[in-house]
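Student: Sharing input_4.cif here; it has mmCIF, C-alpha atoms.
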```
data_entry
#
loop_
_atom_site.label_atom_id
_atom_site.label_comp_id
_atom_site.auth_asym_id
_atom_site.auth_seq_id
_atom_site.Cartn_x
_atom_site.Cartn_y
_atom_site.Cartn_z
CA GLU P 1 -5.10 -2.60 2.16
CA ALA P 2 -4.59 -3.82 5.73
CA GLN P 3 -5.40 -7.48 5.88
CA VAL P 4 -4.73 -10.96 7.19
CA THR P 5 -4.37 -13.49 4.38
CA GLN P 6 -4.82 -17.22 4.81
CA ASN P 7 -4.20 -19.98 2.30
CA PRO P 8 -5.66 -22.29 1.27
CA ARG P 9 -9.23 -21.14 1.83
CA TYR P 10 -10.59 -24.63 1.23
CA LEU P 11 -8.83 -27.97 1.46
CA ILE P 12 -9.87 -31.59 1.44
CA THR P 13 -7.15 -33.99 2.47
CA VAL P 14 -6.69 -37.50 3.82
CA THR P 15 -5.66 -38.75 7.21
CA GLY P 16 -1.93 -38.56 7.81
CA LYS P 17 -0.99 -36.28 4.91
CA LYS P 18 0.95 -33.34 6.33
CA LEU P 19 -0.38 -29.93 5.47
CA THR P 20 0.38 -26.30 6.21
CA VAL P 21 -2.05 -23.41 6.33
CA THR P 22 -0.26 -20.14 5.78
CA CYS P 23 -1.14 -16.86 7.43
CA SER P 24 0.34 -13.48 6.60
CA GLN P 25 -0.49 -9.99 7.87
CA ASN P 26 0.67 -6.67 6.45
CA MET P 27 -0.05 -4.47 9.46
CA ASN P 28 3.22 -4.99 11.36
CA HIS P 29 1.27 -6.62 14.18
CA GLU P 30 3.17 -8.27 17.01
CA TYR P 31 0.44 -10.63 18.16
CA MET P 32 -0.85 -13.46 15.98
CA SER P 33 -3.09 -16.38 16.79
CA TRP P 34 -4.83 -19.41 15.31
CA TYR P 35 -8.39 -20.44 16.14
CA ARG P 36 -10.65 -23.24 15.10
CA GLN P 37 -14.40 -22.79 14.93
CA ASP P 38 -16.75 -25.72 15.37
CA PRO P 39 -20.56 -25.67 15.64
CA GLY P 40 -21.70 -25.03 19.21
CA LEU P 41 -18.17 -24.52 20.48
CA GLY P 42 -17.35 -21.03 19.30
CA LEU P 43 -13.78 -20.03 18.55
CA ARG P 44 -11.12 -21.99 20.37
CA GLN P 45 -7.51 -20.90 20.40
CA ILE P 46 -4.92 -23.33 19.06
CA TYR P 47 -1.66 -21.43 19.37
CA TYR P 48 -0.63 -17.82 19.68
CA SER P 49 2.51 -15.75 19.28
CA MET P 50 3.37 -12.56 21.12
CA ASN P 51 6.26 -11.76 18.78
CA VAL P 52 8.90 -13.30 16.53
CA GLU P 53 10.22 -16.61 17.91
CA VAL P 54 7.71 -16.45 20.80
CA THR P 55 4.86 -18.95 20.58
CA ASP P 56 2.61 -20.59 23.15
CA LYS P 57 -0.17 -23.12 23.36
CA GLY P 58 -3.79 -22.11 23.42
CA ASP P 59 -6.67 -24.28 24.56
CA VAL P 60 -6.55 -26.97 21.87
CA PRO P 61 -2.95 -27.32 20.65
CA GLU P 62 -2.86 -31.12 20.25
CA GLY P 63 -2.06 -32.20 16.71
CA TYR P 64 -0.85 -28.76 15.61
CA LYS P 65 2.45 -26.94 15.33
CA VAL P 66 3.29 -23.34 14.57
CA SER P 67 6.33 -21.22 13.93
CA ARG P 68 7.00 -17.49 13.93
CA LYS P 69 10.27 -16.87 12.13
CA GLU P 70 9.14 -13.54 10.68
CA LYS P 71 6.79 -10.96 12.11
CA ARG P 72 4.32 -11.11 9.23
CA ASN P 73 3.94 -14.91 8.93
CA PHE P 74 2.44 -17.47 11.28
CA PRO P 75 1.87 -20.82 9.56
CA LEU P 76 -0.20 -23.60 11.12
CA ILE P 77 1.14 -27.10 10.54
CA LEU P 78 -0.81 -30.33 10.82
CA GLU P 79 1.86 -33.02 10.82
CA SER P 80 -0.56 -35.95 10.63
CA PRO P 81 -4.12 -34.68 10.18
CA SER P 82 -7.01 -36.69 11.55
CA PRO P 83 -10.77 -36.40 10.90
CA ASN P 84 -11.33 -34.63 14.23
CA GLN P 85 -9.30 -31.73 12.84
CA THR P 86 -11.98 -31.09 10.24
CA SER P 87 -12.94 -27.52 11.05
CA LEU P 88 -12.97 -23.88 10.03
CA TYR P 89 -9.67 -22.24 10.91
CA PHE P 90 -9.04 -18.56 11.47
CA CYS P 91 -5.79 -16.69 11.77
CA ALA P 92 -5.91 -13.37 13.63
CA SER P 93 -3.52 -10.59 14.54
CA SER P 94 -3.45 -7.49 16.69
CA LEU P 95 -1.09 -4.58 17.04
CA THR P 96 0.43 -5.37 20.36
CA PRO P 97 -0.38 -7.29 23.50
CA ARG P 98 -1.03 -4.68 26.16
CA ALA P 99 -2.48 -4.22 29.59
CA ARG P 100 -6.06 -4.54 28.41
CA GLY P 101 -5.27 -7.64 26.46
CA THR P 102 -4.84 -8.20 22.78
CA GLY P 103 -7.36 -5.52 21.90
CA GLU P 104 -9.06 -5.59 18.52
CA LEU P 105 -8.23 -8.73 16.59
CA PHE P 106 -8.11 -8.67 12.80
CA PHE P 107 -9.17 -11.98 11.31
CA GLY P 108 -8.32 -13.70 8.08
CA GLU P 109 -11.09 -14.99 5.83
CA GLY P 110 -10.90 -18.50 7.23
CA SER P 111 -9.69 -21.86 5.91
CA ARG P 112 -12.17 -24.69 5.73
CA LEU P 113 -10.36 -27.97 6.17
CA THR P 114 -11.84 -31.42 5.69
CA VAL P 115 -9.83 -34.49 6.68
CA LEU P 116 -11.16 -37.76 5.28
CA GLU Q 1 -12.14 -22.67 34.81
CA ASP Q 2 -12.69 -19.47 32.85
CA LYS Q 3 -15.80 -19.45 30.70
CA VAL Q 4 -17.92 -17.17 28.54
CA VAL Q 5 -21.57 -18.00 27.90
CA GLN Q 6 -23.77 -16.30 25.35
CA SER Q 7 -27.54 -16.38 25.18
CA PRO Q 8 -29.67 -17.02 23.36
CA LEU Q 9 -27.77 -19.34 21.03
CA SER Q 10 -30.06 -18.41 18.17
CA LEU Q 11 -32.74 -15.86 17.54
CA VAL Q 12 -35.15 -15.09 14.70
CA VAL Q 13 -36.76 -11.66 14.48
CA HIS Q 14 -38.42 -9.47 11.87
CA GLU Q 15 -37.06 -6.28 10.42
CA GLY Q 16 -37.65 -3.35 12.72
CA ASP Q 17 -37.51 -5.40 15.91
CA THR Q 18 -35.08 -4.60 18.72
CA VAL Q 19 -32.88 -7.43 19.99
CA THR Q 20 -30.73 -7.88 23.08
CA LEU Q 21 -27.90 -10.38 23.09
CA ASN Q 22 -26.32 -11.49 26.34
CA CYS Q 23 -22.81 -12.44 27.34
CA SER Q 24 -21.96 -13.62 30.84
CA TYR Q 25 -18.50 -14.54 31.99
CA GLU Q 26 -16.41 -16.01 34.75
CA VAL Q 27 -12.85 -14.99 34.06
CA THR Q 28 -9.94 -14.41 36.37
CA ASN Q 29 -8.02 -11.19 35.97
CA PHE Q 30 -10.62 -9.55 33.72
CA ARG Q 31 -9.21 -6.92 31.41
CA SER Q 32 -11.72 -6.33 28.61
CA LEU Q 33 -14.78 -7.69 26.80
CA LEU Q 34 -15.10 -7.58 23.03
CA TRP Q 35 -17.99 -8.06 20.62
CA TYR Q 36 -17.57 -9.26 17.04
CA LYS Q 37 -19.97 -9.75 14.14
CA GLN Q 38 -19.42 -12.74 11.87
CA GLU Q 39 -21.24 -12.92 8.59
CA LYS Q 40 -20.23 -15.56 6.09
CA LYS Q 41 -16.56 -15.02 6.60
CA ALA Q 42 -14.19 -13.43 9.12
CA PRO Q 43 -15.40 -11.94 12.40
CA THR Q 44 -15.26 -8.15 12.39
CA PHE Q 45 -14.75 -6.03 15.48
CA LEU Q 46 -17.68 -4.13 16.96
CA PHE Q 47 -16.83 -2.95 20.47
CA MET Q 48 -14.32 -3.27 23.26
CA LEU Q 49 -15.58 -2.61 26.79
CA THR Q 50 -13.43 -2.19 29.86
CA SER Q 51 -15.46 -0.07 32.29
CA SER Q 52 -18.82 -0.78 33.87
CA GLY Q 53 -21.83 1.32 32.97
CA ILE Q 54 -20.34 3.18 30.02
CA GLU Q 55 -22.34 2.55 26.87
CA LYS Q 56 -20.54 2.15 23.59
CA LYS Q 57 -22.62 3.05 20.56
CA SER Q 58 -22.25 2.70 16.82
CA GLY Q 59 -25.32 3.51 14.76
CA ARG Q 60 -28.09 1.11 15.74
CA LEU Q 61 -25.77 -1.04 17.84
CA SER Q 62 -24.89 -0.39 21.44
CA SER Q 63 -23.28 -2.33 24.24
CA ILE Q 64 -22.72 -2.02 27.94
CA LEU Q 65 -20.73 -3.91 30.55
CA ASP Q 66 -21.60 -4.76 34.13
CA LYS Q 67 -18.45 -5.85 35.93
CA LYS Q 68 -20.26 -6.46 39.20
CA GLU Q 69 -22.77 -8.91 37.74
CA LEU Q 70 -20.24 -10.17 35.15
CA PHE Q 71 -22.17 -9.69 31.96
CA SER Q 72 -22.52 -7.54 28.89
CA ILE Q 73 -25.40 -6.92 26.51
CA LEU Q 74 -25.40 -6.01 22.86
CA ASN Q 75 -28.48 -4.17 21.66
CA ILE Q 76 -29.54 -3.78 18.06
CA THR Q 77 -32.44 -1.45 17.37
CA ALA Q 78 -34.55 -1.29 14.20
CA THR Q 79 -32.98 -4.50 12.92
CA GLN Q 80 -32.34 -4.98 9.21
CA THR Q 81 -31.72 -8.12 7.17
CA GLY Q 82 -28.07 -7.08 6.98
CA ASP Q 83 -27.80 -7.59 10.73
CA SER Q 84 -28.21 -11.34 10.21
CA ALA Q 85 -24.96 -12.85 11.47
CA ILE Q 86 -23.30 -14.68 14.32
CA TYR Q 87 -22.44 -12.32 17.15
CA LEU Q 88 -19.42 -13.35 19.18
CA CYS Q 89 -18.49 -12.21 22.65
CA ALA Q 90 -14.89 -12.60 23.84
CA VAL Q 91 -13.44 -11.86 27.25
CA GLN Q 92 -9.79 -11.05 27.86
CA GLY Q 93 -8.49 -12.36 31.15
CA GLY Q 94 -5.21 -14.22 31.30
CA LYS Q 95 -6.13 -15.19 27.75
CA LEU Q 96 -8.87 -14.33 25.30
CA ILE Q 97 -11.87 -16.67 25.52
CA PHE Q 98 -14.78 -16.66 23.08
CA GLY Q 99 -18.37 -17.58 23.80
CA GLN Q 100 -20.32 -19.96 21.56
CA GLY Q 101 -21.89 -17.13 19.63
CA THR Q 102 -25.49 -16.04 19.05
CA THR Q 103 -26.90 -16.64 15.56
CA LEU Q 104 -29.29 -13.85 14.65
CA GLN Q 105 -31.61 -14.14 11.68
CA VAL Q 106 -33.58 -11.05 10.66
CA LYS Q 107 -36.51 -11.78 8.36
CA PRO Q 108 -37.91 -9.17 5.96
#
```
Mind turning this structure into structure tokens?

Tutor:
Amino acid sequence: EAQVTQNPRYLITVTGKKLTVTCSQNMNHEYMSWYRQDPGLGLRQIYYSMNVEVTDKGDVPEGYKVSRKEKRNFPLILESPSPNQTSLYFCASSLTPRARGTGELFFGEGSRLTVL
Amino acid sequence: EDKVVQSPLSLVVHEGDTVTLNCSYEVTNFRSLLWYKQEKKAPTFLFMLTSSGIEKKSGRLSSILDKKELFSILNITATQTGDSAIYLCAVQGGKLIFGQGTTLQVKP
């Protein structure tokens, strides 16, 4: 089944304790992206990757890191989480960036993170 | 600054009603506009629009884009409780920007 898989789905952690949210897709997609969703603010892009070893900042990259060493995986790293990073996080992928943009994005199920 | 604004932010209707959701945008280098439906989990793709005036239709849902007035509408006819969700509009310019979403609640 074609899917984007995120883990963990739920996490409660404390300020300063490094954590990684994994994202994996099995559709051989080139483009992958991380979003956070907060009430009243919609989906905001954190980082994106056009292909392996190619990553770039989105609108709200502060406090996050990513890497794209393999095509299928795009982990999101919070080196020193803070309470303002409490949010619902989505990983998404699409087949290929093209002239009309990323096209249809396939989303993971979301990871709800709480930082105390 | 590029922006995407959806209205209304929330809406409550009864089954059988018709609803119209709005998405207006100011985006440089417009390439496409996308609609997604988000129930309790991941957003799922509904439509991608690139040309003005051409209606996209899927069952009771339809959408159209006006590139002159910079907006799109999503229509849902004969609403059902299963249509209750957040509807997200996203516009692809230099990057993909999402609106705040419209929360639709359909009551029996």

Student: May I have the residues of chain P within 10 Å of chain Q, counting only C-alpha atoms, written as number ranges by chain?

Tutor: P: 4, 37-45, 58-59, 90-92, 98-111

Student: With the file shown as input, list the residues that the PyMOL selection byres ((chain Q and resi 12-14) around 12) selects, as a PyMOL selection string.

Tutor: chain Q and resi 8-11+15-20+76-86+102-108

Student: Give me, please, the distance in Å between CA of Arg112 (chain P) and CA of Tyr35 (chain P), quoted to one decimal.

Tutor: 11.9 Å

Student: Could you please determine the separation between CA of Lys71 (chain P) and CA of Gln85 (chain P) in Å, to one decimal place?

Tutor: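 It comes out at 26.3 Å.
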
Student: Quick one: of P:Leu116, P:Ile12, P:Leu78, P:Val21, who's nearest to Glu62 (chain P), counting all atoms listed in the file?

Tutor: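 When distances to Glu62 (chain P) are compared using all atoms listed in the file, the smallest one comes from P:Leu78.
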
Student: To one decimal place in Å, what is the distance between CA of Ser49 (chain P) and CA of Thr86 (chain P)?

Tutor: 23.0 Å

Student: Have a look at Q:Leu61, Q:Val27, Q:Ile54, Q:Val4 and name the one nearest to Leu74 (chain Q); count all atoms listed in the file.

Tutor: Q:Leu61

Student: Select all residues near (-1.3, -5.2, 3.1) (cut-off 7 Å, inclusive, file coordinates), counting only C-alpha atoms, and output them as a PyMOL selection string.

Tutor: chain P and resi 1-3+25-27

Student: Would you kindly return, as JSON, numbers by chain, each protein, DNA or RNA residue with an atom no farther than 12 Å from any atom of Gly53 (chain Q), considering all atoms listed in the file and excluding same-chain residues fewer than 4 positions away?

Tutor: {"Q": [49, 63, 64, 65, 66, 67, 68, 69, 70, 71, 72, 73]}

Student: Enumerate, as a ChimeraX atom specification, the protein, DNA and RNA residues whose atoms approach (3.2, -20.3, 12.7) to within 8 Å, taking into account all atoms listed in the file and the coordinate frame of the file.

Tutor: /P:22-23,65-69,73-77

Student: Residues picked by the PyMOL selection byres ((chain P and resi 82) around 10) here, as an NGL selection string?

Tutor: :P and (13-17 or 63 or 78-81 or 83-86 or 114-116)

Student: Using all atoms of region 64-83 of chain Q that appear in the file, construct an axis-aligned enclosing box with 5 Å of padding on every side and provide its centre coordinates and edge lengths in Å, rounded to one decimal, as JSON.

Tutor:
```
{"center_x": -26.5, "center_y": -5.7, "center_z": 23.1, "size_x": 26.1, "size_y": 18.9, "size_z": 42.2}
```

Student: Quick one: everything within 8 Å of Ser62 (chain Q), counting only C-alpha atoms, minus sequence neighbours fewer than 4 positions away in the same chain. Send it as JSON, numbers by chain.

Tutor: {"Q": [55, 56, 57, 58, 74, 75, 76]}

Student: Could you add all heavy atoms to region 36-47 of chain P and give me the result as a short mmCIF file (atom, residue, chain, number, x, y, z; two decimals), keeping the file's coordinate frame?

Tutor:
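Output contents, as saved in selection35.cif:
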```cif
data_model
loop_
_atom_site.label_atom_id
_atom_site.label_comp_id
_atom_site.auth_asym_id
_atom_site.auth_seq_id
_atom_site.Cartn_x
_atom_site.Cartn_y
_atom_site.Cartn_z
N ARG P 36 -9.77 -22.38 15.86
CA ARG P 36 -10.65 -23.24 15.10
C ARG P 36 -12.08 -22.98 15.56
O ARG P 36 -12.32 -22.67 16.74
CB ARG P 36 -10.29 -24.72 15.22
CG ARG P 36 -10.31 -25.32 16.60
CD ARG P 36 -9.99 -26.80 16.57
NE ARG P 36 -11.05 -27.60 15.98
CZ ARG P 36 -10.98 -28.90 15.73
NH1 ARG P 36 -9.87 -29.56 16.02
NH2 ARG P 36 -11.99 -29.56 15.20
N GLN P 37 -13.00 -23.05 14.61
CA GLN P 37 -14.40 -22.79 14.93
C GLN P 37 -15.23 -24.02 14.57
O GLN P 37 -15.24 -24.44 13.41
CB GLN P 37 -14.91 -21.57 14.17
CG GLN P 37 -16.32 -21.16 14.57
CD GLN P 37 -16.75 -19.86 13.90
OE1 GLN P 37 -16.40 -19.59 12.75
NE2 GLN P 37 -17.49 -19.03 14.63
N ASP P 38 -15.90 -24.55 15.55
CA ASP P 38 -16.75 -25.72 15.37
C ASP P 38 -18.15 -25.40 15.88
O ASP P 38 -18.30 -24.65 16.86
CB ASP P 38 -16.17 -26.92 16.13
CG ASP P 38 -14.76 -27.23 15.69
OD1 ASP P 38 -14.61 -27.73 14.56
OD2 ASP P 38 -13.80 -26.98 16.45
N PRO P 39 -19.18 -25.99 15.24
CA PRO P 39 -20.56 -25.67 15.64
C PRO P 39 -20.79 -25.90 17.13
O PRO P 39 -20.43 -26.95 17.68
CB PRO P 39 -21.39 -26.66 14.79
CG PRO P 39 -20.52 -26.94 13.61
CD PRO P 39 -19.11 -26.93 14.12
N GLY P 40 -21.38 -24.91 17.79
CA GLY P 40 -21.70 -25.03 19.21
C GLY P 40 -20.55 -24.81 20.15
O GLY P 40 -20.75 -24.76 21.37
N LEU P 41 -19.34 -24.66 19.61
CA LEU P 41 -18.17 -24.52 20.48
C LEU P 41 -17.50 -23.17 20.36
O LEU P 41 -16.54 -22.87 21.08
CB LEU P 41 -17.14 -25.62 20.16
CG LEU P 41 -17.60 -27.04 20.42
CD1 LEU P 41 -16.54 -28.03 20.00
CD2 LEU P 41 -17.95 -27.24 21.90
N GLY P 42 -17.95 -22.34 19.45
CA GLY P 42 -17.35 -21.03 19.30
C GLY P 42 -15.94 -21.12 18.76
O GLY P 42 -15.53 -22.12 18.15
N LEU P 43 -15.18 -20.09 18.98
CA LEU P 43 -13.78 -20.03 18.55
C LEU P 43 -12.88 -20.52 19.67
O LEU P 43 -12.95 -20.02 20.79
CB LEU P 43 -13.40 -18.59 18.19
CG LEU P 43 -13.91 -18.06 16.86
CD1 LEU P 43 -13.80 -16.54 16.83
CD2 LEU P 43 -13.13 -18.65 15.72
N ARG P 44 -12.05 -21.48 19.36
CA ARG P 44 -11.12 -21.99 20.37
C ARG P 44 -9.69 -21.76 19.87
O ARG P 44 -9.36 -22.04 18.73
CB ARG P 44 -11.37 -23.47 20.61
CG ARG P 44 -12.70 -23.77 21.29
CD ARG P 44 -12.89 -25.25 21.54
NE ARG P 44 -13.01 -25.98 20.29
CZ ARG P 44 -12.93 -27.31 20.20
NH1 ARG P 44 -12.70 -28.03 21.28
NH2 ARG P 44 -13.06 -27.91 19.03
N GLN P 45 -8.87 -21.27 20.78
CA GLN P 45 -7.51 -20.90 20.40
C GLN P 45 -6.61 -22.12 20.34
O GLN P 45 -6.57 -22.95 21.25
CB GLN P 45 -6.95 -19.88 21.40
CG GLN P 45 -5.64 -19.26 20.96
CD GLN P 45 -5.16 -18.21 21.94
OE1 GLN P 45 -5.06 -18.46 23.14
NE2 GLN P 45 -4.87 -17.02 21.44
N ILE P 46 -5.83 -22.20 19.26
CA ILE P 46 -4.92 -23.33 19.06
C ILE P 46 -3.53 -22.97 19.57
O ILE P 46 -2.97 -23.62 20.45
CB ILE P 46 -4.88 -23.73 17.58
CG1 ILE P 46 -6.28 -24.06 17.07
CG2 ILE P 46 -3.96 -24.93 17.38
CD1 ILE P 46 -6.35 -24.23 15.57
N TYR P 47 -2.96 -21.95 18.98
CA TYR P 47 -1.66 -21.43 19.37
C TYR P 47 -1.69 -19.92 19.20
O TYR P 47 -2.48 -19.40 18.42
CB TYR P 47 -0.54 -22.00 18.47
CG TYR P 47 0.11 -23.26 18.96
CD1 TYR P 47 -0.35 -24.50 18.52
CD2 TYR P 47 1.18 -23.23 19.84
CE1 TYR P 47 0.26 -25.67 18.95
CE2 TYR P 47 1.80 -24.39 20.28
CZ TYR P 47 1.31 -25.62 19.83
OH TYR P 47 1.91 -26.78 20.26
#
```
